[in-house]
>>> print(open('entry.tsv').read())   # TSV, C-alpha atoms
chain	number	residue	atom	x	y	z
A	1	MET	CA	89.84	75.68	116.23
A	2	ASN	CA	87.56	78.12	117.94
A	3	GLN	CA	88.44	80.12	121.04
A	4	GLU	CA	86.86	77.64	123.44
A	5	GLU	CA	88.79	74.68	121.99
A	6	ILE	CA	92.08	76.57	122.16
A	7	LYS	CA	91.42	77.43	125.78
A	8	GLU	CA	90.56	73.81	126.61
A	9	LYS	CA	93.69	72.55	124.90
A	10	LEU	CA	95.86	75.02	126.78
A	11	SER	CA	94.22	74.27	130.13
A	12	ALA	CA	94.69	70.52	129.61
A	13	ALA	CA	98.39	70.89	128.92
A	14	PHE	CA	99.29	72.96	131.97
A	15	SER	CA	98.38	72.96	135.63
A	16	PRO	CA	95.79	75.47	136.92
A	17	GLU	CA	98.59	77.43	138.62
A	18	VAL	CA	100.23	78.07	135.26
A	19	VAL	CA	97.19	78.70	133.09
A	20	GLN	CA	94.91	80.75	135.29
A	21	ALA	CA	91.65	82.59	134.79
A	22	ALA	CA	90.03	82.71	131.35
A	23	VAL	CA	87.78	85.66	130.55
A	24	GLU	CA	85.35	85.82	127.67
A	25	PHE	CA	84.42	89.17	126.20
A	26	HIS	CA	82.63	89.80	122.90
A	27	GLY	CA	83.21	86.21	121.81
A	28	GLU	CA	86.94	86.39	122.44
A	29	ILE	CA	88.70	84.56	125.25
A	30	TYR	CA	91.93	85.52	126.88
A	31	VAL	CA	93.74	83.50	129.49
A	32	THR	CA	96.10	84.73	132.16
A	33	VAL	CA	99.25	82.71	132.53
A	34	THR	CA	101.85	82.90	135.25
A	35	ALA	CA	104.73	85.12	134.23
A	36	GLU	CA	107.47	82.67	135.24
A	37	LYS	CA	106.21	80.07	132.77
A	38	ILE	CA	105.58	82.40	129.82
A	39	ARG	CA	108.26	80.73	127.69
A	40	GLU	CA	106.91	77.22	128.24
A	41	VAL	CA	103.38	78.32	127.41
A	42	CYS	CA	104.48	80.20	124.30
A	43	SER	CA	106.61	77.29	123.07
A	44	PHE	CA	103.65	74.97	123.51
A	45	LEU	CA	101.33	77.32	121.63
A	46	ARG	CA	103.77	77.54	118.74
A	47	ASP	CA	104.79	73.88	118.55
A	48	ASP	CA	101.52	72.05	119.18
A	49	PRO	CA	100.33	70.79	115.76
A	50	ASP	CA	96.68	71.68	116.42
A	51	LEU	CA	97.39	75.18	117.71
A	52	ALA	CA	100.39	76.07	115.49
A	53	PHE	CA	100.61	79.72	116.49
A	54	ASP	CA	103.46	80.54	114.12
A	55	PHE	CA	102.87	84.29	114.05
A	56	LEU	CA	103.07	86.77	116.91
A	57	SER	CA	100.88	89.76	116.06
A	58	PHE	CA	102.20	91.95	118.85
A	59	VAL	CA	103.50	92.17	122.37
A	60	GLY	CA	102.12	95.06	124.39
A	61	ALA	CA	101.40	96.01	127.95
A	62	VAL	CA	98.69	97.62	130.05
A	63	ASP	CA	99.35	99.74	133.11
A	64	ARG	CA	96.67	98.97	135.72
A	65	TYR	CA	97.86	101.81	137.90
A	66	MET	CA	96.78	101.60	141.56
A	67	THR	CA	96.04	97.87	141.37
A	68	LYS	CA	98.31	94.99	142.25
A	69	PRO	CA	99.95	93.56	140.24
A	70	ARG	CA	100.42	96.69	138.21
A	71	PHE	CA	101.28	95.53	134.69
A	72	GLU	CA	99.69	93.17	132.18
A	73	VAL	CA	101.89	91.99	129.33
A	74	VAL	CA	99.68	91.02	126.39
A	75	TYR	CA	100.58	88.57	123.64
A	76	GLN	CA	98.31	88.47	120.59
A	77	LEU	CA	98.88	85.32	118.56
A	78	TYR	CA	97.86	84.26	115.08
A	79	SER	CA	98.20	80.98	113.22
A	80	LEU	CA	98.82	81.30	109.51
A	81	LYS	CA	98.28	77.55	109.08
A	82	LYS	CA	95.01	77.30	111.01
A	83	ASN	CA	93.72	80.86	110.60
A	84	HIS	CA	92.83	81.33	114.25
A	85	ARG	CA	93.81	83.88	116.85
A	86	PHE	CA	94.31	83.87	120.59
A	87	ARG	CA	95.37	86.26	123.32
A	88	ILE	CA	97.28	85.52	126.51
A	89	LYS	CA	98.27	87.82	129.34
A	90	ALA	CA	100.79	87.71	132.12
A	91	LEU	CA	100.62	89.83	135.26
A	92	ILE	CA	103.81	91.28	136.69
A	93	ASP	CA	104.62	93.88	139.30
A	94	GLU	CA	107.53	96.05	140.29
A	95	THR	CA	108.92	96.49	143.76
A	96	GLU	CA	111.12	99.09	145.41
A	97	GLU	CA	114.17	96.93	144.70
A	98	ALA	CA	113.45	95.42	141.29
A	99	PRO	CA	111.64	96.55	138.14
A	100	ALA	CA	108.82	94.50	136.67
A	101	ALA	CA	110.39	91.68	134.68
A	102	ILE	CA	109.32	88.83	132.42
A	103	ASP	CA	111.19	86.42	130.15
A	104	SER	CA	111.68	87.48	126.55
A	105	VAL	CA	109.97	85.42	123.84
A	106	VAL	CA	112.36	86.52	121.08
A	107	LYS	CA	113.75	82.98	120.85
A	108	ILE	CA	110.25	81.69	120.10
A	109	TRP	CA	109.05	84.44	117.76
A	110	PRO	CA	111.88	86.69	116.50
A	111	THR	CA	109.38	89.44	115.69
A	112	ALA	CA	108.99	90.02	119.41
A	113	GLU	CA	112.32	91.84	119.47
A	114	TRP	CA	111.11	95.31	118.51
A	115	HIS	CA	107.75	94.86	120.24
A	116	GLU	CA	109.49	94.06	123.50
A	117	ARG	CA	111.91	96.95	123.09
A	118	GLU	CA	109.02	99.38	122.70
A	119	THR	CA	107.09	97.86	125.59
A	120	ALA	CA	110.21	98.03	127.74
A	121	GLU	CA	110.84	101.73	127.11
A	122	MET	CA	107.20	102.78	127.32
A	123	PHE	CA	106.36	100.94	130.56
A	124	GLY	CA	109.71	100.31	132.23
A	125	ILE	CA	109.34	96.54	132.02
A	126	VAL	CA	112.48	94.43	131.78
A	127	PHE	CA	112.49	91.52	129.33
A	128	ASN	CA	115.01	88.98	130.58
A	129	ASP	CA	117.50	87.63	128.01
A	130	HIS	CA	116.47	90.12	125.36
A	131	PRO	CA	119.20	90.05	122.66
A	132	ASP	CA	119.27	93.84	122.12
A	133	PRO	CA	117.78	95.73	125.08
A	134	ARG	CA	118.16	99.27	123.72
A	135	LYS	CA	115.37	101.80	123.47
A	136	LEU	CA	113.43	101.67	120.21
A	137	LEU	CA	111.75	105.06	119.69
A	138	LEU	CA	112.62	107.35	122.59
A	139	PRO	CA	115.90	109.27	122.92
A	140	GLU	CA	118.49	107.04	124.53
A	141	GLN	CA	119.11	109.29	127.54
A	142	TRP	CA	115.50	109.55	128.75
A	143	ALA	CA	114.76	107.71	131.98
A	144	VAL	CA	110.94	108.12	131.95
A	145	HIS	CA	108.30	105.70	130.69
A	146	PRO	CA	105.63	107.71	128.86
A	147	LEU	CA	102.80	105.16	128.65
A	148	ARG	CA	102.61	104.74	132.41
A	149	LYS	CA	99.44	106.23	133.82
A	150	ASP	CA	101.34	108.41	136.29
A	151	PHE	CA	103.33	110.12	133.51
A	152	SER	CA	102.08	113.55	132.42
A	153	VAL	CA	101.54	113.55	128.66
A	154	LEU	CA	103.06	117.03	128.39
A	155	GLY	CA	106.40	115.88	129.78
A	156	ASN	CA	108.68	118.47	131.36
A	157	ASP	CA	112.03	120.08	130.67
A	158	GLN	CA	113.74	117.96	133.30
A	159	ASP	CA	112.67	114.49	132.17
A	160	THR	CA	111.98	115.04	128.47
A	161	PRO	CA	114.28	117.87	127.33
A	162	ASP	CA	114.27	118.98	123.68
A	163	LEU	CA	117.99	118.35	123.35
A	164	PRO	CA	120.39	115.97	125.06
A	165	ARG	CA	121.86	117.73	128.04
A	166	ARG	CA	125.57	118.18	127.70
A	167	ALA	CA	128.02	117.65	130.51
A	168	GLY	CA	128.36	120.82	132.51
A	169	ASN	CA	124.93	122.40	131.99
B	1	MET	CA	119.26	158.13	84.94
B	2	GLY	CA	121.77	160.33	83.21
B	3	ILE	CA	124.64	157.91	82.71
B	4	GLU	CA	122.34	155.13	81.49
B	5	ARG	CA	120.78	157.44	78.92
B	6	HIS	CA	124.23	158.64	77.95
B	7	LEU	CA	125.35	155.07	77.19
B	8	ASN	CA	122.16	154.21	75.25
B	9	ASP	CA	120.73	152.04	78.11
B	10	THR	CA	123.49	149.44	77.75
B	11	VAL	CA	124.30	149.69	81.48
B	12	HIS	CA	122.14	149.66	84.59
B	13	VAL	CA	123.12	151.60	87.68
B	14	THR	CA	122.12	150.44	91.14
B	15	ASN	CA	123.73	150.11	94.54
B	16	LEU	CA	125.79	147.11	95.52
B	17	GLU	CA	123.58	146.06	98.43
B	18	TRP	CA	120.47	145.88	96.24
B	19	PHE	CA	122.41	143.81	93.74
B	20	ILE	CA	123.65	141.35	96.37
B	21	ASN	CA	120.20	140.97	97.85
B	22	TRP	CA	118.65	140.56	94.42
B	23	SER	CA	121.09	137.81	93.46
B	24	ARG	CA	120.57	136.04	96.79
B	25	LYS	CA	116.79	136.00	96.57
B	26	SER	CA	116.73	135.14	92.88
B	27	SER	CA	118.57	131.85	93.28
B	28	MET	CA	117.71	130.77	96.79
B	29	TRP	CA	118.28	127.03	96.84
B	30	PRO	CA	116.14	125.11	99.30
B	31	LEU	CA	117.28	122.05	101.16
B	32	GLY	CA	115.48	118.87	100.11
B	33	PHE	CA	114.33	118.00	103.58
B	34	GLY	CA	110.93	116.73	104.64
B	35	LEU	CA	109.93	115.91	108.21
B	36	ALA	CA	106.27	114.92	107.93
B	37	CYS	CA	103.13	115.29	105.84
B	38	CYS	CA	103.89	118.96	105.00
B	39	ALA	CA	106.75	117.60	102.88
B	40	LEU	CA	104.20	116.33	100.37
B	41	GLU	CA	102.82	119.84	99.90
B	42	MET	CA	106.39	121.06	99.54
B	43	ILE	CA	107.02	118.45	96.83
B	44	ALA	CA	103.81	119.54	95.09
B	45	THR	CA	105.17	123.09	95.15
B	46	PHE	CA	108.38	121.97	93.46
B	47	VAL	CA	106.82	120.10	90.56
B	48	SER	CA	105.32	121.50	87.40
B	49	ARG	CA	101.84	122.43	88.56
B	50	TYR	CA	103.05	125.09	91.01
B	51	ASP	CA	106.58	125.28	89.64
B	52	LEU	CA	108.93	126.79	92.16
B	53	ALA	CA	111.43	127.19	89.30
B	54	ARG	CA	109.65	130.46	88.45
B	55	PHE	CA	111.40	131.97	91.47
B	56	GLY	CA	114.87	130.57	90.87
B	57	MET	CA	114.36	127.82	93.43
B	58	GLU	CA	114.09	124.66	91.38
B	59	VAL	CA	117.36	123.18	92.63
B	60	ALA	CA	116.55	121.36	95.87
B	61	ARG	CA	119.93	120.48	97.28
B	62	PRO	CA	120.44	117.13	98.96
B	63	SER	CA	123.50	118.52	100.73
B	64	PRO	CA	123.09	121.24	103.35
B	65	ARG	CA	126.41	122.74	102.26
B	66	HIS	CA	124.85	123.82	98.96
B	67	ALA	CA	121.60	125.13	100.39
B	68	ASP	CA	120.47	128.62	101.40
B	69	LEU	CA	117.00	127.91	102.71
B	70	MET	CA	115.78	125.31	105.18
B	71	ILE	CA	112.05	124.64	104.93
B	72	VAL	CA	111.17	122.90	108.19
B	73	SER	CA	108.25	121.03	106.70
B	74	GLY	CA	106.46	119.25	109.47
B	75	THR	CA	106.64	117.83	112.96
B	76	ALA	CA	110.05	117.94	114.61
B	77	SER	CA	110.19	115.22	117.22
B	78	LYS	CA	112.64	115.61	120.06
B	79	LYS	CA	114.61	112.65	118.81
B	80	MET	CA	114.91	114.28	115.37
B	81	LEU	CA	115.87	117.73	116.68
B	82	PRO	CA	119.65	117.13	117.08
B	83	ALA	CA	119.78	116.04	113.43
B	84	VAL	CA	117.81	119.12	112.32
B	85	LEU	CA	120.17	121.43	114.20
B	86	ARG	CA	123.22	119.67	112.85
B	87	ILE	CA	121.95	120.08	109.28
B	88	TYR	CA	121.25	123.75	109.94
B	89	GLU	CA	124.76	124.27	111.30
B	90	GLN	CA	126.24	122.71	108.16
B	91	MET	CA	124.52	125.21	105.87
B	92	ALA	CA	126.75	128.06	104.71
B	93	GLU	CA	125.89	131.68	105.53
B	94	PRO	CA	123.74	133.45	104.52
B	95	LYS	CA	120.89	131.07	105.34
B	96	TRP	CA	117.21	131.36	106.07
B	97	VAL	CA	114.55	129.21	107.74
B	98	ILE	CA	110.86	128.81	106.93
B	99	ALA	CA	108.66	127.09	109.52
B	100	MET	CA	106.06	125.36	107.37
B	101	GLY	CA	102.82	124.19	108.95
B	102	ALA	CA	101.31	124.27	112.40
B	103	CYS	CA	103.71	121.67	113.83
B	104	ALA	CA	106.88	123.50	112.84
B	105	CYS	CA	105.41	126.82	114.08
B	106	THR	CA	104.03	125.69	117.45
B	107	GLY	CA	103.98	121.90	117.75
B	108	GLY	CA	100.45	121.91	116.33
B	109	ILE	CA	98.16	119.12	117.48
B	110	TYR	CA	101.11	117.32	119.07
B	111	LYS	CA	101.07	119.04	122.45
B	112	ASN	CA	102.96	116.26	124.17
B	113	TYR	CA	106.28	115.13	125.57
B	114	ALA	CA	107.75	113.85	122.31
B	115	VAL	CA	107.43	116.84	119.95
B	116	VAL	CA	109.32	120.15	119.91
B	117	GLN	CA	106.75	122.86	120.65
B	118	GLY	CA	107.80	125.14	117.81
B	119	ILE	CA	111.06	124.92	115.88
B	120	ASP	CA	111.68	128.60	116.74
B	121	ARG	CA	112.75	127.42	120.18
B	122	HIS	CA	115.97	126.30	118.49
B	123	LEU	CA	116.25	127.87	115.02
B	124	PRO	CA	115.97	131.53	113.92
B	125	VAL	CA	112.78	131.34	111.85
B	126	ASP	CA	112.27	134.01	109.18
B	127	VAL	CA	108.78	133.15	107.92
B	128	TYR	CA	105.98	131.20	109.57
B	129	ILE	CA	103.40	129.50	107.35
B	130	PRO	CA	100.29	128.31	109.23
B	131	GLY	CA	98.10	125.49	107.99
B	132	CYS	CA	97.75	121.76	108.49
B	133	PRO	CA	99.21	121.25	106.00
B	134	PRO	CA	99.51	124.59	104.15
B	135	ARG	CA	98.55	124.46	100.49
B	136	PRO	CA	101.28	125.02	97.90
B	137	GLU	CA	99.91	128.54	97.35
B	138	ALA	CA	100.57	129.29	101.01
B	139	LEU	CA	104.13	128.00	100.74
B	140	LEU	CA	104.68	130.10	97.62
B	141	ASP	CA	103.33	133.15	99.43
B	142	GLY	CA	105.66	132.48	102.36
B	143	ILE	CA	108.62	132.17	100.01
B	144	LEU	CA	107.72	135.45	98.30
B	145	GLN	CA	107.47	137.09	101.73
B	146	LEU	CA	110.94	135.78	102.45
B	147	HIS	CA	112.19	137.20	99.15
B	148	ALA	CA	110.78	140.58	100.15
B	149	LYS	CA	112.52	140.27	103.51
B	150	VAL	CA	115.83	139.42	101.86
B	151	MET	CA	115.54	142.49	99.64
B	152	LYS	CA	115.33	144.65	102.79
B	153	GLU	CA	118.38	143.12	104.46
B	154	GLN	CA	121.40	145.31	105.10
B	155	SER	CA	123.63	142.60	103.74
B	156	LEU	CA	126.77	144.79	103.47
B	157	HIS	CA	126.62	147.07	106.50
B	158	ASN	CA	124.79	145.07	109.11
B	159	PRO	CA	124.60	141.39	108.15
B	160	PRO	CA	122.42	139.25	110.39
B	161	ILE	CA	124.31	136.89	112.69
B	162	PRO	CA	122.03	134.14	113.97
B	163	LYS	CA	122.77	132.65	117.36
B	164	ILE	CA	121.60	129.12	118.05
B	165	ARG	CA	122.36	126.49	120.63
B	166	SER	CA	124.69	123.83	119.37
B	167	ALA	CA	123.26	120.36	118.78
B	168	GLY	CA	126.25	118.92	120.68
>>> encode(input="entry.tsv", output="structure tokens")
Amino acid sequence: MNQEEIKEKLSAAFSPEVVQAAVEFHGEIYVTVTAEKIREVCSFLRDDPDLAFDFLSFVGAVDRYMTKPRFEVVYQLYSLKKNHRFRIKALIDETEEAPAAIDSVVKIWPTAEWHERETAEMFGIVFNDHPDPRKLLLPEQWAVHPLRKDFSVLGNDQDTPDLPRRAGN
Amino acid sequence: MGIERHLNDTVHVTNLEWFINWSRKSSMWPLGFGLACCALEMIATFVSRYDLARFGMEVARPSPRHADLMIVSGTASKKMLPAVLRIYEQMAEPKWVIAMGACACTGGIYKNYAVVQGIDRHLPVDVYIPGCPPRPEALLDGILQLHAKVMKEQSLHNPPIPKIRSAG
């Protein structure tokens, strides 16, 4: 199926509130889906016999700093059976009280586990029901999220020390 | 020398410090320990084309307790640093450190939050080898410089005592 047919199929299966705007760029289409329904949409994309997205290429995120909502979570999908690709996005935001959060898709594609762990530590996004929500690459004690646009790439001795600080110093 | 001539050159007279230094530098065992791409140049230095065995250094030890020389070959990320320091602490005295390549010397191209900006912030480095990565000739030259340094050490009267922060 080509990009247009995949988009039509997805739009027909869900209401316009769930599957929102579709943008075409360089012959590729991505659709924005509502974050609360990400699991339903992903299950449909995997289980529908015509779509059959059995392979999750990656989960990533984009920090649209200074816009609302701030974060895009990006899912790049591939079908080994049908040899077609598709990209969906979900917009989420953080508030003073709660971090940005979205449901984990590990139950749908197990490969999402490490991708979501990296996205979580790099952007400070919480993936609900993640089976192993540790950091993946960064030292365990760091509290900063380096891929956010308001993070200085040089780091500093307070937030990104060379060594773990020991109790008492 | 009179006594050597007297005994038909069957003995050799020197001072004890020279002898200790000579034996240390002539069988300085490096730690088999690669951090990044510089490790490949280090491996090339070990094998037959450049042949580190010429300098008594062919035995790369997998255990830090057998090793005398740590070649920090490559980028030390901040997550790796506690392990590097712990390995260094496990090495028996006397021990030496070579910072191999731009990353180990200064952080190199990785001027960012995740990389230690020079391993000399945490380890007492004896020889710095610039390059990205340095060629095996450069590593050999650095090792020979270290040998020359060891020969000048006052190993009996004033042995060097390195002070480093503990990895915790």
>>> interface_residues(input="entry.tsv", of="chain A", to="chain B", cutoff="12 Å", atoms="only C-alpha atoms", output="ChimeraX atom specification")
/A:135-142,144-147,151-167,169
>>> closest_residue(input="entry.tsv", among="A:Glu116, A:Asp103, A:Asp54, A:Asp150", to="A:Glu40", atoms="all atoms listed in the file")
A:Asp103
>>> residues_around(input="entry.tsv", residues="B:Arg24", least_positions_apart="5", cutoff="10 Å", atoms="only C-alpha atoms", output="list in words")
Trp18, Phe19, Trp29, Gly56, Asp68, Pro94, Lys95, His147, Val150 and Met151 of chain B
>>> closest_residue(input="entry.tsv", among="B:Ile43, B:Ile143, B:Ala104, B:Val13", to="B:Ser26", atoms="only C-alpha atoms")
B:Ile143
>>> atom_distance(input="entry.tsv", atom1="atom CA of A:Ala13", atom2="atom CA of A:His115")
27.2 Å
>>> decode(input="entry.tsv", residues="stretch 88-110 of chain B", atoms="N, CA and C atoms", output="mmCIF file, in the first residue's frame")
data_model
loop_
_atom_site.group_PDB
_atom_site.id
_atom_site.type_symbol
_atom_site.label_atom_id
_atom_site.label_comp_id
_atom_site.auth_asym_id
_atom_site.auth_seq_id
_atom_site.Cartn_x
_atom_site.Cartn_y
_atom_site.Cartn_z
ATOM 1 N N TYR B 88 42.289 1.350 37.524
ATOM 2 C CA TYR B 88 43.576 1.955 37.861
ATOM 3 C C TYR B 88 43.940 1.663 39.309
ATOM 4 N N GLU B 89 42.961 1.768 40.201
ATOM 5 C CA GLU B 89 43.241 1.519 41.619
ATOM 6 C C GLU B 89 43.654 0.078 41.874
ATOM 7 N N GLN B 90 43.202 -0.851 41.042
ATOM 8 C CA GLN B 90 43.544 -2.255 41.243
ATOM 9 C C GLN B 90 44.943 -2.595 40.768
ATOM 10 N N MET B 91 45.549 -1.725 39.969
ATOM 11 C CA MET B 91 46.903 -2.002 39.489
ATOM 12 C C MET B 91 47.890 -1.822 40.636
ATOM 13 N N ALA B 92 48.904 -2.708 40.674
ATOM 14 C CA ALA B 92 49.893 -2.653 41.733
ATOM 15 C C ALA B 92 50.933 -1.581 41.424
ATOM 16 N N GLU B 93 51.456 -0.933 42.459
ATOM 17 C CA GLU B 93 52.557 0.017 42.285
ATOM 18 C C GLU B 93 53.823 -0.750 41.919
ATOM 19 N N PRO B 94 54.746 -0.194 41.155
ATOM 20 C CA PRO B 94 54.630 1.097 40.467
ATOM 21 C C PRO B 94 53.784 0.972 39.211
ATOM 22 N N LYS B 95 53.099 2.057 38.843
ATOM 23 C CA LYS B 95 52.233 2.011 37.661
ATOM 24 C C LYS B 95 52.297 3.344 36.939
ATOM 25 N N TRP B 96 52.058 3.266 35.640
ATOM 26 C CA TRP B 96 52.159 4.456 34.802
ATOM 27 C C TRP B 96 50.932 4.555 33.912
ATOM 28 N N VAL B 97 50.681 5.766 33.407
ATOM 29 C CA VAL B 97 49.507 6.018 32.571
ATOM 30 C C VAL B 97 49.938 6.761 31.320
ATOM 31 N N ILE B 98 49.487 6.281 30.166
ATOM 32 C CA ILE B 98 49.656 7.006 28.905
ATOM 33 C C ILE B 98 48.276 7.439 28.443
ATOM 34 N N ALA B 99 48.114 8.730 28.161
ATOM 35 C CA ALA B 99 46.878 9.226 27.556
ATOM 36 C C ALA B 99 47.066 9.198 26.057
ATOM 37 N N MET B 100 46.381 8.279 25.390
ATOM 38 C CA MET B 100 46.588 8.082 23.956
ATOM 39 C C MET B 100 45.458 8.747 23.190
ATOM 40 N N GLY B 101 45.810 9.682 22.315
ATOM 41 C CA GLY B 101 44.823 10.295 21.441
ATOM 42 C C GLY B 101 44.231 11.572 22.023
ATOM 43 N N ALA B 102 43.623 12.350 21.131
ATOM 44 C CA ALA B 102 43.095 13.648 21.517
ATOM 45 C C ALA B 102 42.019 13.533 22.598
ATOM 46 N N CYS B 103 41.201 12.497 22.528
ATOM 47 C CA CYS B 103 40.096 12.385 23.498
ATOM 48 C C CYS B 103 40.615 12.133 24.904
ATOM 49 N N ALA B 104 41.592 11.234 25.038
ATOM 50 C CA ALA B 104 42.110 10.951 26.371
ATOM 51 C C ALA B 104 42.880 12.163 26.912
ATOM 52 N N CYS B 105 43.534 12.924 26.020
ATOM 53 C CA CYS B 105 44.299 14.089 26.471
ATOM 54 C C CYS B 105 43.381 15.231 26.894
ATOM 55 N N THR B 106 42.358 15.541 26.080
ATOM 56 C CA THR B 106 41.590 16.769 26.307
ATOM 57 C C THR B 106 40.088 16.602 26.143
ATOM 58 N N GLY B 107 39.611 15.437 25.778
ATOM 59 C CA GLY B 107 38.216 15.303 25.371
ATOM 60 C C GLY B 107 38.053 15.374 23.860
ATOM 61 N N GLY B 108 39.035 15.946 23.171
ATOM 62 C CA GLY B 108 39.039 15.937 21.711
ATOM 63 C C GLY B 108 37.827 16.630 21.117
ATOM 64 N N ILE B 109 37.254 16.019 20.083
ATOM 65 C CA ILE B 109 36.101 16.635 19.423
ATOM 66 C C ILE B 109 34.858 16.557 20.296
ATOM 67 N N TYR B 110 34.889 15.758 21.340
ATOM 68 C CA TYR B 110 33.684 15.593 22.165
ATOM 69 C C TYR B 110 33.671 16.621 23.281
#
